[in-house]
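Worksheet for the structure shown next.
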Amino acid sequence: MNWLPYWLRHYRRADLPGDVSAGVIVTLLLVPQGLAYALVAGLPPEAGLYASLLPLLLYAFSGRSHAQSVGPMAVTSLLVAATLSRLAAAGSDDYLLAAIWLALLSGAMLFLFGLLRLGFLADALSQPVLAGFTAASALLIVLSQLAPLAGFRAGGASLPDIAQAFFAHVAAFNPLALLLGLTALLGLVLARRYLAGLLHAIGLASGAARTLSRTAPMLVVLGGLLAVTLAGWQSQLPVVGVVPGGLPSLRLAALPSLGLAPLVMPAFFIALINYVQSLSVAQMLAAPRRETIDPDRELLALGLCNLGAGLSGGFPVTGGLTRSVVNADAGANTQLASLITAVLMVLLLSTATGLLANLPLAVLAATIIASVAVMIDFSALRAAWRTERADAVAFAVTFLLVLALGVDAGIVAGVVISLSVWLMRSSRPHIAVLGRVPGTEHFRNVLRYHTEPLPGVLLLRVDESLFFGNARHVGNAIEQLAAASPDCHSLLLVMSAVNRLDMTALSMLERLDDGLAERGIRLHLAEVKGPVLDVCKRAGLAARFDGRLHLSTHIAIQQLCPGSDYQI
């Protein structure tokens with residue numbers, strides 16, 4: 001039985017009530033989300049329900065988070081729409097097949113990355129860039145749903161395209177659909193602000209009241225469905241229409257006529273965004289329980305989930321923040337809650353899809369707007385502006401590029417910006433001139449501390465690893481500092497902050513040693529870390545600096561200033 005997940009092999013009866021309640025409540029949230037996110041992706045509504053089924057089962061047996069709920073997500077759906085809108089007509093067979101293959105390709109990539117233990121890929125997007133991307137994507141989703149809210153269709157994957165399509169079709173707006181949509185949106189906003197307090201006031205515990213208030217989207221959907229059905233409005237405004245009943249068949253979809261080549265890069269970026277999102281949610285849920293999440297295991301699990309989504313006719317999925325938080329708040333102790341949700345989804349697909357036919361699209365648009373609007377968050381921008389202006393610029397540039405170019409181009413821009421900011425910072429590392437703190441063995445930046453001079457010795461510390469991106473700048477900066485110290489006979493380079501050396505940096509140190517020697521200055525190294533010293537030994541640099549490699553700065557200065565009053 002070792003093939004069973006840990007939670008199932010050690011299941012406790014006391015966990016059952018919380019898992020059951022969480023499974024039921026998440027189902028009430030997942031149904032409108034699945035339908036709505038299929039709408040965002042430009043896919044038939046059943047695709048959202050199919051993508052909400054098998055991934056739940058697969059994650060329950062392969063993932064490690066106790067409350068992660070895997071399924072469609074708003075940003076992922078927008079990415080699918082942005083990718084496919086350029087490749088096929090919405091509603092065509094090619095469009096649906098391409099969406100399925102996006103799930104299969106991204107799932108295969110994630111699973112392969114997990115096998116190769118490439119969990120560090122989550123670091124390809126910095127937090128400010130990810131926050132800017134998420135805020136801009138959420139704004140695009142809200143804007144893209146204004147047309148369905150008003151009862152007509154309009155496309156677009158960027159702000160200019162959405163605005164152009166909206167104004168080109170605005171004359172076709174449906175007053176009845178707009179009324180229903182605005183009513184639903186108002187109800188959702190009021191429920192978010194006041195429903196939990198109202199339920200608590202009538203006697204529910206605060207936790208239960210907060211959890212039940214998050215099922216408001218399902219209540220609004222049911223209200224819209226009943227209104228249209230009882231009033232006979234189904235022919236007067238856009239509705240979901242017939243949703244095929246029965247479970248999806250597991251099969252490998254046919255290839256779209258456009259082939260797979262145009263889908264490979266979009267699938268990679270969708271996989272990256274989904275992985276970052278899923279891992280972030282899993283780590284957030286694990287923190288209060290003092291649990292650890294294995295990034296490589298999450299890659300494998302999310303890969304399986306996306307493969308399952310593709311094989312069952314769905315589109316790319318990830319760990320959804322809203323669903324996962326609701327799952328945890330509703331009492332989920334293990335992944336049994338997801339299994340219960342999956343069972344209830346099976347019952348819905350098998351028996352009750354006919355009830356969804358009269359659901360107005362305007363109400364689904366309202367649920368999307370209400371759930372996604374909270375993601376338009378600029379708190380990260382304000383925090384970055386106070387602490388690190390480069391991060392604030394990265395947030396702002398990513399945000400504007402996503403709005404102007406769309407989310408697919410925005411992801412590429414986000415990765416480039418993240419790497420560019422890192423390279424910019426690493427290529428111009430801080431170099432401190434050090435002095436001794438009087439009466440101690442400590443050496444600190446002369447600009448920050450009161451220090452005493454060391455006659456004839458220039459003491460420098462480079463606060464960064466040395467590699468091809470900064471070797472030239474560091475070498476030039478050290479030579480300039482040496483040239484500005486005419487009485488210097490020894491230059492001690494403190495390498496306590498250097499964790500890595502590459503071939504370019506090794507060559508720079510050799511050239512620096514030769515250049516300083518021509519000026520009559522001997523270069524010494526201190527506090528070289530073990531792994532860095534191993535590289536130096538293999539490259540022959542340790543032999544070159546024999547007698548000039550010092551265990552500590554204190555020992556080096558004692559040898560370089562033997563007759564001074566430095567001796568303690």
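Chain lettering (A, B, ...) mirrors the order of the structure tokens, residue numbering begins at 1 for each chain separately, and ligand numbering begins at 1 in order of display.
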
Stretch 214-228 of chain A: which residues within 9 Å, counting only C-alpha atoms, same-chain residues fewer than 6 positions away excluded, as a PDB file with N, CA, C and O atoms, in the first residue's frame?
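Result written to part-v1.pdb:
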```
ATOM      1  N   ILE A  25     -18.497  22.630  -0.101  1.00  0.00           N
ATOM      2  CA  ILE A  25     -18.441  24.078  -0.318  1.00  0.00           C
ATOM      3  C   ILE A  25     -17.606  24.422  -1.548  1.00  0.00           C
ATOM      4  O   ILE A  25     -17.972  25.295  -2.347  1.00  0.00           O
ATOM      5  N   VAL A  26     -16.479  23.732  -1.739  1.00  0.00           N
ATOM      6  CA  VAL A  26     -15.649  24.001  -2.911  1.00  0.00           C
ATOM      7  C   VAL A  26     -16.389  23.636  -4.193  1.00  0.00           C
ATOM      8  O   VAL A  26     -16.241  24.305  -5.219  1.00  0.00           O
ATOM      9  N   LEU A  28     -19.558  24.036  -4.696  1.00  0.00           N
ATOM     10  CA  LEU A  28     -20.456  25.162  -4.954  1.00  0.00           C
ATOM     11  C   LEU A  28     -19.718  26.347  -5.575  1.00  0.00           C
ATOM     12  O   LEU A  28     -20.312  27.147  -6.300  1.00  0.00           O
ATOM     13  N   LEU A  29     -18.431  26.460  -5.279  1.00  0.00           N
ATOM     14  CA  LEU A  29     -17.626  27.530  -5.868  1.00  0.00           C
ATOM     15  C   LEU A  29     -17.072  27.120  -7.224  1.00  0.00           C
ATOM     16  O   LEU A  29     -16.966  27.935  -8.150  1.00  0.00           O
ATOM     17  N   LEU A  30     -16.732  25.838  -7.364  1.00  0.00           N
ATOM     18  CA  LEU A  30     -16.054  25.366  -8.564  1.00  0.00           C
ATOM     19  C   LEU A  30     -16.961  25.353  -9.789  1.00  0.00           C
ATOM     20  O   LEU A  30     -16.510  25.612 -10.907  1.00  0.00           O
ATOM     21  N   VAL A  31     -18.242  25.060  -9.594  1.00  0.00           N
ATOM     22  CA  VAL A  31     -19.148  24.996 -10.746  1.00  0.00           C
ATOM     23  C   VAL A  31     -19.235  26.348 -11.465  1.00  0.00           C
ATOM     24  O   VAL A  31     -18.989  26.416 -12.679  1.00  0.00           O
ATOM     25  N   PRO A  32     -19.580  27.440 -10.774  1.00  0.00           N
ATOM     26  CA  PRO A  32     -19.608  28.722 -11.505  1.00  0.00           C
ATOM     27  C   PRO A  32     -18.245  29.145 -12.009  1.00  0.00           C
ATOM     28  O   PRO A  32     -18.127  29.757 -13.077  1.00  0.00           O
ATOM     29  N   GLN A  33     -17.176  28.817 -11.261  1.00  0.00           N
ATOM     30  CA  GLN A  33     -15.835  29.180 -11.730  1.00  0.00           C
ATOM     31  C   GLN A  33     -15.481  28.425 -12.999  1.00  0.00           C
ATOM     32  O   GLN A  33     -14.940  28.997 -13.954  1.00  0.00           O
ATOM     33  N   LEU A 180     -29.503  42.258 -15.435  1.00  0.00           N
ATOM     34  CA  LEU A 180     -29.204  41.055 -14.660  1.00  0.00           C
ATOM     35  C   LEU A 180     -27.743  41.034 -14.224  1.00  0.00           C
ATOM     36  O   LEU A 180     -27.421  40.682 -13.082  1.00  0.00           O
ATOM     37  N   GLY A 181     -26.843  41.413 -15.128  1.00  0.00           N
ATOM     38  CA  GLY A 181     -25.426  41.391 -14.806  1.00  0.00           C
ATOM     39  C   GLY A 181     -25.068  42.364 -13.703  1.00  0.00           C
ATOM     40  O   GLY A 181     -24.329  42.022 -12.768  1.00  0.00           O
ATOM     41  N   ALA A 184     -26.417  41.099 -10.394  1.00  0.00           N
ATOM     42  CA  ALA A 184     -25.566  40.034  -9.870  1.00  0.00           C
ATOM     43  C   ALA A 184     -24.264  40.594  -9.312  1.00  0.00           C
ATOM     44  O   ALA A 184     -23.801  40.188  -8.235  1.00  0.00           O
ATOM     45  N   LEU A 185     -23.677  41.559 -10.027  1.00  0.00           N
ATOM     46  CA  LEU A 185     -22.419  42.152  -9.560  1.00  0.00           C
ATOM     47  C   LEU A 185     -22.621  42.887  -8.243  1.00  0.00           C
ATOM     48  O   LEU A 185     -21.796  42.767  -7.318  1.00  0.00           O
ATOM     49  N   GLY A 187     -24.919  42.249  -6.028  1.00  0.00           N
ATOM     50  CA  GLY A 187     -25.131  41.232  -4.999  1.00  0.00           C
ATOM     51  C   GLY A 187     -23.829  40.615  -4.526  1.00  0.00           C
ATOM     52  O   GLY A 187     -23.630  40.383  -3.329  1.00  0.00           O
ATOM     53  N   LEU A 188     -22.900  40.361  -5.451  1.00  0.00           N
ATOM     54  CA  LEU A 188     -21.614  39.777  -5.080  1.00  0.00           C
ATOM     55  C   LEU A 188     -20.771  40.746  -4.263  1.00  0.00           C
ATOM     56  O   LEU A 188     -20.097  40.347  -3.299  1.00  0.00           O
ATOM     57  N   ALA A 191     -22.322  40.913  -0.837  1.00  0.00           N
ATOM     58  CA  ALA A 191     -22.063  39.666  -0.112  1.00  0.00           C
ATOM     59  C   ALA A 191     -20.635  39.634   0.417  1.00  0.00           C
ATOM     60  O   ALA A 191     -20.389  39.193   1.547  1.00  0.00           O
ATOM     61  N   ARG A 192     -19.687  40.100  -0.395  1.00  0.00           N
ATOM     62  CA  ARG A 192     -18.297  40.097   0.055  1.00  0.00           C
ATOM     63  C   ARG A 192     -18.103  41.013   1.260  1.00  0.00           C
ATOM     64  O   ARG A 192     -17.332  40.695   2.167  1.00  0.00           O
ATOM     65  N   LEU A 195     -22.005  39.867   4.001  1.00  0.00           N
ATOM     66  CA  LEU A 195     -22.674  38.590   4.270  1.00  0.00           C
ATOM     67  C   LEU A 195     -22.070  37.864   5.463  1.00  0.00           C
ATOM     68  O   LEU A 195     -22.798  37.315   6.296  1.00  0.00           O
ATOM     69  N   ALA A 196     -20.752  37.867   5.572  1.00  0.00           N
ATOM     70  CA  ALA A 196     -20.113  37.169   6.693  1.00  0.00           C
ATOM     71  C   ALA A 196     -20.544  37.785   8.020  1.00  0.00           C
ATOM     72  O   ALA A 196     -20.868  37.063   8.979  1.00  0.00           O
ATOM     73  N   GLN A 234     -35.040  33.214 -21.640  1.00  0.00           N
ATOM     74  CA  GLN A 234     -33.917  32.538 -22.275  1.00  0.00           C
ATOM     75  C   GLN A 234     -33.747  32.899 -23.752  1.00  0.00           C
ATOM     76  O   GLN A 234     -32.646  32.768 -24.301  1.00  0.00           O
ATOM     77  N   VAL A 326     -10.636  28.910   0.204  1.00  0.00           N
ATOM     78  CA  VAL A 326     -11.959  28.480   0.660  1.00  0.00           C
ATOM     79  C   VAL A 326     -11.895  27.042   1.159  1.00  0.00           C
ATOM     80  O   VAL A 326     -12.492  26.694   2.190  1.00  0.00           O
ATOM     81  N   LEU A 355     -29.702  21.523 -16.222  1.00  0.00           N
ATOM     82  CA  LEU A 355     -30.198  22.645 -15.434  1.00  0.00           C
ATOM     83  C   LEU A 355     -29.432  23.933 -15.721  1.00  0.00           C
ATOM     84  O   LEU A 355     -29.896  25.020 -15.355  1.00  0.00           O
ATOM     85  N   LEU A 356     -28.261  23.827 -16.356  1.00  0.00           N
ATOM     86  CA  LEU A 356     -27.416  25.002 -16.572  1.00  0.00           C
ATOM     87  C   LEU A 356     -27.739  25.737 -17.861  1.00  0.00           C
ATOM     88  O   LEU A 356     -27.199  26.817 -18.113  1.00  0.00           O
ATOM     89  N   ALA A 357     -28.616  25.194 -18.699  1.00  0.00           N
ATOM     90  CA  ALA A 357     -28.834  25.740 -20.037  1.00  0.00           C
ATOM     91  C   ALA A 357     -29.300  27.186 -20.016  1.00  0.00           C
ATOM     92  O   ALA A 357     -28.919  27.981 -20.877  1.00  0.00           O
ATOM     93  N   ASN A 358     -30.141  27.556 -19.046  1.00  0.00           N
ATOM     94  CA  ASN A 358     -30.713  28.905 -19.019  1.00  0.00           C
ATOM     95  C   ASN A 358     -29.885  29.900 -18.213  1.00  0.00           C
ATOM     96  O   ASN A 358     -30.339  31.013 -17.941  1.00  0.00           O
ATOM     97  N   LEU A 359     -28.685  29.529 -17.836  1.00  0.00           N
ATOM     98  CA  LEU A 359     -27.838  30.426 -17.046  1.00  0.00           C
ATOM     99  C   LEU A 359     -27.378  31.590 -17.919  1.00  0.00           C
ATOM    100  O   LEU A 359     -26.723  31.404 -18.951  1.00  0.00           O
ATOM    101  N   PRO A 360     -27.694  32.844 -17.547  1.00  0.00           N
ATOM    102  CA  PRO A 360     -27.311  33.989 -18.378  1.00  0.00           C
ATOM    103  C   PRO A 360     -25.813  34.253 -18.332  1.00  0.00           C
ATOM    104  O   PRO A 360     -25.185  34.226 -17.262  1.00  0.00           O
ATOM    105  N   VAL A 363     -24.535  36.982 -15.961  1.00  0.00           N
ATOM    106  CA  VAL A 363     -24.318  36.636 -14.552  1.00  0.00           C
ATOM    107  C   VAL A 363     -22.954  35.980 -14.379  1.00  0.00           C
ATOM    108  O   VAL A 363     -22.235  36.250 -13.402  1.00  0.00           O
ATOM    109  N   LEU A 364     -22.570  35.109 -15.311  1.00  0.00           N
ATOM    110  CA  LEU A 364     -21.228  34.529 -15.241  1.00  0.00           C
ATOM    111  C   LEU A 364     -20.166  35.615 -15.355  1.00  0.00           C
ATOM    112  O   LEU A 364     -19.148  35.578 -14.658  1.00  0.00           O
ATOM    113  N   THR A 367     -19.737  37.212 -12.031  1.00  0.00           N
ATOM    114  CA  THR A 367     -18.953  36.416 -11.074  1.00  0.00           C
ATOM    115  C   THR A 367     -17.465  36.530 -11.371  1.00  0.00           C
ATOM    116  O   THR A 367     -16.634  36.572 -10.457  1.00  0.00           O
ATOM    117  N   ALA A 370     -16.282  40.058 -10.206  1.00  0.00           N
ATOM    118  CA  ALA A 370     -16.225  40.162  -8.749  1.00  0.00           C
ATOM    119  C   ALA A 370     -15.049  39.390  -8.165  1.00  0.00           C
ATOM    120  O   ALA A 370     -14.405  39.841  -7.209  1.00  0.00           O
ATOM    121  N   SER A 371     -14.757  38.233  -8.735  1.00  0.00           N
ATOM    122  CA  SER A 371     -13.685  37.410  -8.173  1.00  0.00           C
ATOM    123  C   SER A 371     -12.304  37.895  -8.585  1.00  0.00           C
ATOM    124  O   SER A 371     -11.333  37.750  -7.833  1.00  0.00           O
TER     125      SER A 371
END
```

Return as a tab-separated table (two decimals) with C-alpha atoms, in the first residue's frame the full set of residues in stretch 486-518 of chain A whose backbone-based DSSP assignment is strand (DSSP E or B).
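Output saved as out06.tsv:
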```
chain	number	residue	atom	x	y	z
A	490	SER	CA	49.11	45.88	-0.90
A	491	LEU	CA	45.51	45.42	-1.95
A	492	LEU	CA	43.50	42.95	0.12
A	493	LEU	CA	40.33	41.70	-1.56
A	494	VAL	CA	37.88	40.35	1.03
A	501	LEU	CA	33.51	32.24	-9.57
```

I need the residue nearest A:Ser62 from this list: A:Pro5, A:Gly410, A:Gly34, A:Pro160. Use only C-alpha atoms for the distance.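 Between A:Pro5, A:Gly410, A:Gly34, A:Pro160, the residue approaching A:Ser62 most closely is A:Pro5.
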
Find the residues around stretch 246-249 of chain A up to 7 Å (only C-alpha atoms counted), leave out those fewer than 2 positions away in its own chain, and share them as a PyMOL selection string. chain A and resi 50+244+251+312-313+346+349-350

Could you give me, as CSV, a per-residue list for stretch 140-201 of chain A showing, wherever an atom lies at most 9 Å from an atom of stretch 68-78 of chain A, the closest pair of atoms and their distance in Å to one decimal, using only C-alpha atoms and sorting by chain then residue number from low to high?
```
residue,atom,partner,partner_atom,distance
A:Leu140,CA,A:Leu78,CA,8.4
A:Ile141,CA,A:Leu78,CA,6.9
A:Ala157,CA,A:Leu78,CA,7.8
```

Can you write out the residues you just picked, keeping C-alpha atoms, as an mmCIF file, in the first residue's frame?
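Wrote again11.cif, looks like this:
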```cif
data_model
loop_
_atom_site.group_PDB
_atom_site.id
_atom_site.type_symbol
_atom_site.label_atom_id
_atom_site.label_comp_id
_atom_site.auth_asym_id
_atom_site.auth_seq_id
_atom_site.Cartn_x
_atom_site.Cartn_y
_atom_site.Cartn_z
ATOM 1 C CA LEU A 140 -7.684 42.855 -18.706
ATOM 2 C CA ILE A 141 -10.036 40.098 -17.538
ATOM 3 C CA ALA A 157 -6.356 40.249 -25.694
#
```

Atomic distance atom CA of A:Phe443 - atom CA of A:Gly547, expressed in Å with one decimal: 21.5 Å
